[in-house]
Structure formats: C-alpha cells, structure tokens
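Chemist: This is target14.pdb, which holds PDB, C-alpha atoms, pLDDT in the B column:
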```pdb
ATOM      1  CA  SER A   1     -21.114-120.201-117.758  1.00 58.00           C
ATOM      2  CA  GLY A   2     -23.580-118.361-115.510  1.00 77.00           C
ATOM      3  CA  LEU A   3     -23.398-120.971-112.770  1.00 83.00           C
ATOM      4  CA  ARG A   4     -22.970-119.170-109.461  1.00 86.00           C
ATOM      5  CA  HIS A   5     -24.094-121.592-106.773  1.00 88.00           C
ATOM      6  CA  VAL A   6     -24.026-125.369-106.239  1.00 89.00           C
ATOM      7  CA  GLU A   7     -25.993-127.050-103.481  1.00 90.00           C
ATOM      8  CA  PHE A   8     -25.271-130.569-102.259  1.00 86.00           C
ATOM      9  CA  VAL A   9     -28.435-132.184-100.876  1.00 84.00           C
ATOM     10  CA  ASP A  10     -27.416-135.384 -99.143  1.00 79.00           C
ATOM     11  CA  SER A  11     -28.769-136.670 -95.836  1.00 74.00           C
ATOM     12  CA  VAL A  12     -25.356-138.064 -94.911  1.00 79.00           C
ATOM     13  CA  PHE A  13     -23.106-135.385 -96.357  1.00 82.00           C
ATOM     14  CA  GLY A  14     -19.658-135.761 -94.899  1.00 86.00           C
ATOM     15  CA  LEU A  15     -19.843-139.510 -94.326  1.00 89.00           C
ATOM     16  CA  PRO A  16     -17.477-141.160 -94.511  1.00 90.00           C
ATOM     17  CA  ALA A  17     -15.243-138.275 -93.515  1.00 88.00           C
ATOM     18  CA  ALA A  18     -12.252-139.394 -95.603  1.00 92.00           C
ATOM     19  CA  HIS A  19     -14.418-139.424 -98.736  1.00 92.00           C
ATOM     20  CA  ALA A  20     -15.878-136.001 -97.953  1.00 92.00           C
ATOM     21  CA  VAL A  21     -12.395-134.553 -97.422  1.00 94.00           C
ATOM     22  CA  ALA A  22     -11.228-136.090-100.716  1.00 95.00           C
ATOM     23  CA  CYS A  23     -14.250-134.618-102.531  1.00 92.00           C
ATOM     24  CA  CYS A  24     -13.588-131.176-101.059  1.00 93.00           C
ATOM     25  CA  GLU A  25      -9.918-131.410-102.044  1.00 95.00           C
ATOM     26  CA  ALA A  26     -10.908-132.366-105.597  1.00 94.00           C
ATOM     27  CA  ILE A  27     -13.249-129.381-105.773  1.00 92.00           C
ATOM     28  CA  ASP A  28     -10.517-127.094-104.443  1.00 93.00           C
ATOM     29  CA  ARG A  29      -8.054-128.321-107.107  1.00 93.00           C
ATOM     30  CA  ARG A  30     -10.510-127.217-109.800  1.00 89.00           C
ATOM     31  CA  ARG A  31     -10.653-123.730-108.225  1.00 79.00           C
ATOM     32  CA  PRO A  32     -14.394-123.212-108.657  1.00 74.00           C
ATOM     33  CA  THR A  33     -15.805-119.714-108.846  1.00 83.00           C
ATOM     34  CA  VAL A  34     -19.144-120.811-107.438  1.00 87.00           C
ATOM     35  CA  ALA A  35     -20.444-120.712-103.887  1.00 89.00           C
ATOM     36  CA  LEU A  36     -21.063-124.127-102.361  1.00 90.00           C
ATOM     37  CA  THR A  37     -23.786-125.116 -99.920  1.00 92.00           C
ATOM     38  CA  THR A  38     -24.632-128.393 -98.287  1.00 87.00           C
ATOM     39  CA  MET A  39     -27.952-129.281 -96.784  1.00 81.00           C
ATOM     40  CA  GLU A  40     -28.197-131.978 -94.172  1.00 83.00           C
ATOM     41  CA  LEU A  41     -24.634-132.081 -92.901  1.00 88.00           C
ATOM     42  CA  ASN A  42     -24.730-135.046 -90.558  1.00 90.00           C
ATOM     43  CA  PRO A  43     -23.475-133.989 -87.105  1.00 93.00           C
ATOM     44  CA  THR A  44     -21.259-137.076 -86.865  1.00 92.00           C
ATOM     45  CA  ALA A  45     -19.509-135.920 -90.044  1.00 91.00           C
ATOM     46  CA  CYS A  46     -18.272-132.758 -88.328  1.00 93.00           C
ATOM     47  CA  VAL A  47     -14.684-133.798 -87.806  1.00 94.00           C
ATOM     48  CA  PRO A  48     -11.754-131.380 -87.572  1.00 96.00           C
ATOM     49  CA  GLU A  49     -10.112-132.484 -90.827  1.00 95.00           C
ATOM     50  CA  LEU A  50     -13.264-131.732 -92.846  1.00 95.00           C
ATOM     51  CA  MET A  51     -13.509-128.053 -91.884  1.00 96.00           C
ATOM     52  CA  PRO A  52     -10.350-126.780 -93.649  1.00 97.00           C
ATOM     53  CA  ALA A  53     -11.229-128.906 -96.681  1.00 96.00           C
ATOM     54  CA  MET A  54     -14.714-127.345 -96.841  1.00 95.00           C
ATOM     55  CA  ASN A  55     -13.208-123.873 -96.379  1.00 96.00           C
ATOM     56  CA  ALA A  56     -10.763-124.471 -99.233  1.00 95.00           C
ATOM     57  CA  ALA A  57     -13.499-125.873-101.495  1.00 94.00           C
ATOM     58  CA  GLY A  58     -15.550-122.708-101.054  1.00 93.00           C
ATOM     59  CA  PHE A  59     -18.495-123.694 -98.876  1.00 95.00           C
ATOM     60  CA  THR A  60     -20.428-120.581 -97.884  1.00 95.00           C
ATOM     61  CA  THR A  61     -23.399-122.195 -96.127  1.00 95.00           C
ATOM     62  CA  VAL A  62     -23.997-125.464 -94.307  1.00 95.00           C
ATOM     63  CA  ALA A  63     -27.178-126.819 -92.784  1.00 95.00           C
ATOM     64  CA  ILE A  64     -26.741-129.239 -89.888  1.00 95.00           C
ATOM     65  CA  THR A  65     -29.589-131.679 -89.340  1.00 91.00           C
ATOM     66  CA  ALA A  66     -29.581-131.813 -85.567  1.00 96.00           C
ATOM     67  CA  GLU A  67     -33.334-132.624 -85.422  1.00 96.00           C
ATOM     68  CA  SER A  68     -33.506-132.424 -81.599  1.00 98.00           C
ATOM     69  CA  GLY A  69     -31.516-131.355 -78.572  1.00 98.00           C
ATOM     70  CA  SER A  70     -32.920-134.283 -76.561  1.00 98.00           C
ATOM     71  CA  ASP A  71     -31.186-137.654 -76.347  1.00 98.00           C
ATOM     72  CA  ALA A  72     -34.554-139.363 -75.825  1.00 98.00           C
ATOM     73  CA  MET A  73     -35.932-137.853 -79.035  1.00 97.00           C
ATOM     74  CA  LEU A  74     -32.776-138.545 -81.050  1.00 97.00           C
ATOM     75  CA  ALA A  75     -32.934-142.193 -79.956  1.00 96.00           C
ATOM     76  CA  GLY A  76     -36.650-142.374 -80.747  1.00 92.00           C
ATOM     77  CA  MET A  77     -36.057-140.961 -84.217  1.00 91.00           C
ATOM     78  CA  ARG A  78     -33.185-143.427 -84.711  1.00 90.00           C
ATOM     79  CA  LYS A  79     -30.851-140.625 -85.760  1.00 92.00           C
ATOM     80  CA  GLY A  80     -27.678-142.508 -84.868  1.00 93.00           C
ATOM     81  CA  PHE A  81     -26.171-139.656 -82.865  1.00 96.00           C
ATOM     82  CA  THR A  82     -26.550-138.061 -79.431  1.00 98.00           C
ATOM     83  CA  THR A  83     -26.544-134.571 -78.000  1.00 98.00           C
ATOM     84  CA  GLY A  84     -22.898-135.204 -77.158  1.00 98.00           C
ATOM     85  CA  ASP A  85     -22.278-135.548 -80.903  1.00 97.00           C
ATOM     86  CA  LEU A  86     -24.187-132.305 -81.473  1.00 98.00           C
ATOM     87  CA  HIS A  87     -22.058-130.444 -78.927  1.00 97.00           C
ATOM     88  CA  ARG A  88     -18.880-131.814 -80.545  1.00 97.00           C
ATOM     89  CA  ALA A  89     -20.191-130.769 -83.972  1.00 96.00           C
ATOM     90  CA  ALA A  90     -20.907-127.233 -82.754  1.00 97.00           C
ATOM     91  CA  GLN A  91     -17.351-126.970 -81.441  1.00 96.00           C
ATOM     92  CA  VAL A  92     -15.745-128.343 -84.623  1.00 97.00           C
ATOM     93  CA  LEU A  93     -17.934-126.151 -86.837  1.00 97.00           C
ATOM     94  CA  ARG A  94     -16.328-123.071 -85.295  1.00 96.00           C
ATOM     95  CA  GLY A  95     -13.464-123.821 -87.693  1.00 96.00           C
ATOM     96  CA  LEU A  96     -15.747-123.495 -90.715  1.00 96.00           C
ATOM     97  CA  ARG A  97     -16.050-120.014 -92.201  1.00 96.00           C
ATOM     98  CA  ALA A  98     -19.446-120.772 -93.764  1.00 96.00           C
ATOM     99  CA  GLN A  99     -22.774-119.604 -92.358  1.00 97.00           C
ATOM    100  CA  LYS A 100     -24.315-122.380 -90.234  1.00 97.00           C
ATOM    101  CA  LEU A 101     -28.015-123.249 -90.167  1.00 97.00           C
ATOM    102  CA  TRP A 102     -29.106-125.772 -87.529  1.00 97.00           C
ATOM    103  CA  ILE A 103     -32.305-127.678 -88.370  1.00 96.00           C
ATOM    104  CA  PHE A 104     -34.646-129.051 -85.709  1.00 97.00           C
ATOM    105  CA  MET A 105     -37.995-130.886 -85.746  1.00 95.00           C
ATOM    106  CA  VAL A 106     -40.383-130.557 -82.818  1.00 97.00           C
ATOM    107  CA  GLY A 107     -43.359-132.856 -82.389  1.00 96.00           C
ATOM    108  CA  ALA A 108     -42.187-136.366 -83.282  1.00 94.00           C
ATOM    109  CA  PRO A 109     -43.747-139.278 -81.378  1.00 92.00           C
ATOM    110  CA  GLY A 110     -42.683-139.129 -77.743  1.00 93.00           C
ATOM    111  CA  GLU A 111     -42.053-135.382 -77.779  1.00 96.00           C
ATOM    112  CA  ASP A 112     -43.227-133.618 -74.623  1.00 97.00           C
ATOM    113  CA  GLU A 113     -42.674-130.284 -72.925  1.00 97.00           C
ATOM    114  CA  ASP A 114     -39.462-131.525 -71.256  1.00 98.00           C
ATOM    115  CA  THR A 115     -37.855-132.677 -74.526  1.00 98.00           C
ATOM    116  CA  VAL A 116     -38.851-129.399 -76.176  1.00 97.00           C
ATOM    117  CA  ARG A 117     -37.127-127.536 -73.324  1.00 97.00           C
ATOM    118  CA  GLU A 118     -33.997-129.669 -73.818  1.00 98.00           C
ATOM    119  CA  THR A 119     -33.944-128.672 -77.488  1.00 98.00           C
ATOM    120  CA  ALA A 120     -34.471-125.016 -76.588  1.00 98.00           C
ATOM    121  CA  ARG A 121     -31.526-125.169 -74.152  1.00 98.00           C
ATOM    122  CA  PHE A 122     -29.316-126.697 -76.847  1.00 98.00           C
ATOM    123  CA  ILE A 123     -30.320-123.978 -79.302  1.00 98.00           C
ATOM    124  CA  ALA A 124     -29.624-121.266 -76.716  1.00 98.00           C
ATOM    125  CA  GLY A 125     -26.070-122.599 -76.344  1.00 97.00           C
ATOM    126  CA  LEU A 126     -25.208-122.422 -80.045  1.00 97.00           C
ATOM    127  CA  PRO A 127     -22.579-119.898 -81.135  1.00 94.00           C
ATOM    128  CA  ALA A 128     -23.776-116.362 -81.777  1.00 92.00           C
ATOM    129  CA  GLY A 129     -24.375-115.908 -85.478  1.00 94.00           C
ATOM    130  CA  ASP A 130     -25.479-119.472 -86.144  1.00 97.00           C
ATOM    131  CA  MET A 131     -29.007-119.596 -87.534  1.00 98.00           C
ATOM    132  CA  VAL A 132     -31.741-121.997 -86.435  1.00 98.00           C
ATOM    133  CA  TYR A 133     -34.705-123.426 -88.341  1.00 97.00           C
ATOM    134  CA  VAL A 134     -37.397-125.271 -86.378  1.00 97.00           C
ATOM    135  CA  THR A 135     -40.305-127.164 -87.879  1.00 95.00           C
ATOM    136  CA  PHE A 136     -43.336-128.104 -85.826  1.00 93.00           C
ATOM    137  CA  GLY A 137     -44.686-131.468 -86.856  1.00 93.00           C
ATOM    138  CA  VAL A 138     -43.070-134.340 -88.678  1.00 94.00           C
ATOM    139  CA  ARG A 139     -44.063-135.252 -92.207  1.00 94.00           C
ATOM    140  CA  VAL A 140     -45.226-138.852 -92.441  1.00 95.00           C
ATOM    141  CA  LEU A 141     -44.099-140.574 -95.627  1.00 94.00           C
ATOM    142  CA  PRO A 142     -45.175-143.889 -97.139  1.00 94.00           C
ATOM    143  CA  GLY A 143     -42.983-146.870 -96.320  1.00 93.00           C
ATOM    144  CA  THR A 144     -41.479-145.365 -93.174  1.00 92.00           C
ATOM    145  CA  ALA A 145     -41.237-146.701 -89.645  1.00 90.00           C
ATOM    146  CA  LEU A 146     -43.110-143.596 -88.469  1.00 91.00           C
ATOM    147  CA  ARG A 147     -46.091-144.496 -90.659  1.00 94.00           C
ATOM    148  CA  GLN A 148     -46.111-148.046 -89.266  1.00 94.00           C
ATOM    149  CA  THR A 149     -45.876-146.753 -85.690  1.00 91.00           C
ATOM    150  CA  LEU A 150     -48.819-144.404 -86.205  1.00 92.00           C
ATOM    151  CA  ILE A 151     -50.919-147.137 -87.817  1.00 95.00           C
ATOM    152  CA  ALA A 152     -50.142-149.513 -84.929  1.00 94.00           C
ATOM    153  CA  SER A 153     -51.150-146.869 -82.379  1.00 91.00           C
ATOM    154  CA  GLY A 154     -54.375-146.099 -84.241  1.00 92.00           C
ATOM    155  CA  GLU A 155     -53.313-142.513 -84.959  1.00 90.00           C
ATOM    156  CA  LEU A 156     -53.273-143.093 -88.726  1.00 93.00           C
ATOM    157  CA  ALA A 157     -55.610-145.217 -90.818  1.00 94.00           C
ATOM    158  CA  ALA A 158     -53.869-148.096 -92.590  1.00 95.00           C
ATOM    159  CA  GLU A 159     -55.595-147.175 -95.847  1.00 94.00           C
ATOM    160  CA  GLU A 160     -54.223-143.629 -95.744  1.00 93.00           C
ATOM    161  CA  GLU A 161     -52.007-143.439 -98.856  1.00 91.00           C
ATOM    162  CA  LEU A 162     -50.353-140.173 -97.842  1.00 94.00           C
ATOM    163  CA  LEU A 163     -50.701-138.743-101.330  1.00 92.00           C
ATOM    164  CA  GLN A 164     -51.310-135.352 -99.702  1.00 93.00           C
ATOM    165  CA  PRO A 165     -48.738-134.158 -97.149  1.00 93.00           C
ATOM    166  CA  TYR A 166     -49.605-135.406 -93.678  1.00 93.00           C
ATOM    167  CA  PHE A 167     -47.873-134.087 -90.585  1.00 94.00           C
ATOM    168  CA  TYR A 168     -47.814-135.634 -87.128  1.00 94.00           C
ATOM    169  CA  LEU A 169     -47.560-133.460 -84.023  1.00 94.00           C
ATOM    170  CA  SER A 170     -47.167-135.116 -80.634  1.00 94.00           C
ATOM    171  CA  PRO A 171     -50.294-134.563 -78.522  1.00 92.00           C
ATOM    172  CA  ARG A 172     -47.999-134.207 -75.480  1.00 93.00           C
ATOM    173  CA  ILE A 173     -46.860-130.714 -76.451  1.00 93.00           C
ATOM    174  CA  ASP A 174     -48.733-127.440 -76.633  1.00 81.00           C
ATOM    175  CA  ALA A 175     -47.900-125.972 -80.031  1.00 65.00           C
ATOM    176  CA  ALA A 176     -49.785-122.742 -79.328  1.00 60.00           C
TER     177      ALA A 176
END
```
Please, can you express the file's structure as structure tokens?

Modeler:
Amino acid sequence: SGLRHVEFVDSVFGLPAAHAVACCEAIDRRRPTVALTTMELNPTACVPELMPAMNAAGFTTVAITAESGSDAMLAGMRKGFTTGDLHRAAQVLRGLRAQKLWIFMVGAPGEDEDTVRETARFIAGLPAGDMVYVTFGVRVLPGTALRQTLIASGELAAEEELLQPYFYLSPRIDAA
C-alpha cells in the first residue's frame, strides 16, 4: 500500500484513557506495519495502562504538550494540569518505548524570568534521551481568550483580524 507512517494530531490524545487504550488495542489487533506517532499527548492522559497499549499498537514517537514547567503559567494558560501532573507523566512515560518530544511555549502573558527558570529546571530534570522543543512567543488566534485579554490590555488593536500570524511575547522576559 505504500503507507509507512500514521500521525494522530489531537490536542487531547489519550483522553479519556479507557478510550485511548481501547483504540490502541484495536490497532494492535489489526497488526499494522506502519509506525505511529501522536502529537499533543495530554500529560493527564499519561496513565500506566496506556503505555503498554501504545507499545503494542506500534507508537514510535510521542509529543507531550507540557507548555510550561511553571504552575503559575499553566494556570494562566488554563491548561487543566499542574507541574505535578507533568512529573507524573514523565515517570509513566518511562514505560513507553517510543521517542518522547516535550513541547513548551515561553512568553505567554504573565511569563517572567522566574517562570522561565522554573520551566528550564523542569526540562533539566527530564529523562536523558527525551527531546525538547521550545517556542518563544505564543500565536494569537481569532476567537481566543488570549486575543480578548490582549485587546483589553491595549496590547492588540480590536480591529486586528489576525489574518497574518501574530505572536505575543511577554515584555517581562528578555528573549535575547
């Protein structure tokens, strides 16, 4: 068939856990000969019973959307998880044979040098071999709470349609 790789792009991959396990088991029963990847594995979805199911299904790469290693930033971004959840995820993910890529964003509203240092400390504590991807700046999209916050603070004009990519970077950090 020529198909060699399938990528699941889902911002809440793994939730609910029972459904994710069932999906992985269904994939395993079909014995695919393709490599599987998931982007945006939600840290709260990293439960012990999912790891063997993902191994059996053939996942070779997972990307974990940690976003920040700071509880203040995670709360401000309304991520729905804490650094405690991230630490638990890192521990559980040791049972997954796939390559791990942790994704972080630096520069959201409220970000400062201290929260950046918290994220750096979290990254430094990740298992050897895990990869890390950090973006500087947060893309502002139409219809989002971030857009409304920036308009209310005067940092973005209300008439800005955001047809061209627009990125916000907290003025409280030195990105140099």

Chemist: My list of candidates is A:Thr38, A:Thr33, A:Gln164, A:Ser170. Which is closest to Gly110 in chain A when distances are computed with only C-alpha atoms?

Modeler: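 Nearest to Gly110 in chain A: A:Ser170.
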
Chemist: Can you turn the PyMOL selection byres ((chain A and resi 132) around 8) into a concrete residue list for this file, as an NGL selection string?

Modeler: :A and (101-104 or 123 or 130-131 or 133-134)

Chemist: Within 9 Å of range 140-156 of chain A, counting all atoms listed in the file, which residues qualify if same-chain residues fewer than 4 places away don't, as a PyMOL selection string?

Modeler: chain A and resi 77+108-109+160-163+165-168

Chemist: What's the 12 Å shell around Arg94 in chain A, counting all atoms listed in the file, without same-chain residues fewer than 2 positions away, as a list in words?

Modeler: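 The residues that qualify are Cys46, Val47, Pro48, Leu50, Met51, Pro52, Asn55, His87, Arg88, Ala89, Ala90, Gln91, Val92, Leu96, Arg97, Ala98, Gln99, Lys100, Leu126, Pro127, Ala128, Gly129 and Asp130 of chain A.
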
Chemist: Range 6-11 of chain A: which residues within 9 Å, counting all atoms listed in the file, same-chain residues fewer than 3 positions away excluded, as a VMD selection string?

Modeler: chain A and resid 3 14 34 to 42 65

Chemist: I need the chosen residues saved as a short mmCIF file (atom, residue, chain, number, x, y, z; two decimals), in the frame of the given file, with C-alpha atoms.

Modeler:
```cif
data_model
loop_
_atom_site.label_atom_id
_atom_site.label_comp_id
_atom_site.auth_asym_id
_atom_site.auth_seq_id
_atom_site.Cartn_x
_atom_site.Cartn_y
_atom_site.Cartn_z
CA LEU A 3 -23.40 -120.97 -112.77
CA GLY A 14 -19.66 -135.76 -94.90
CA VAL A 34 -19.14 -120.81 -107.44
CA ALA A 35 -20.44 -120.71 -103.89
CA LEU A 36 -21.06 -124.13 -102.36
CA THR A 37 -23.79 -125.12 -99.92
CA THR A 38 -24.63 -128.39 -98.29
CA MET A 39 -27.95 -129.28 -96.78
CA GLU A 40 -28.20 -131.98 -94.17
CA LEU A 41 -24.63 -132.08 -92.90
CA ASN A 42 -24.73 -135.05 -90.56
CA THR A 65 -29.59 -131.68 -89.34
#
```
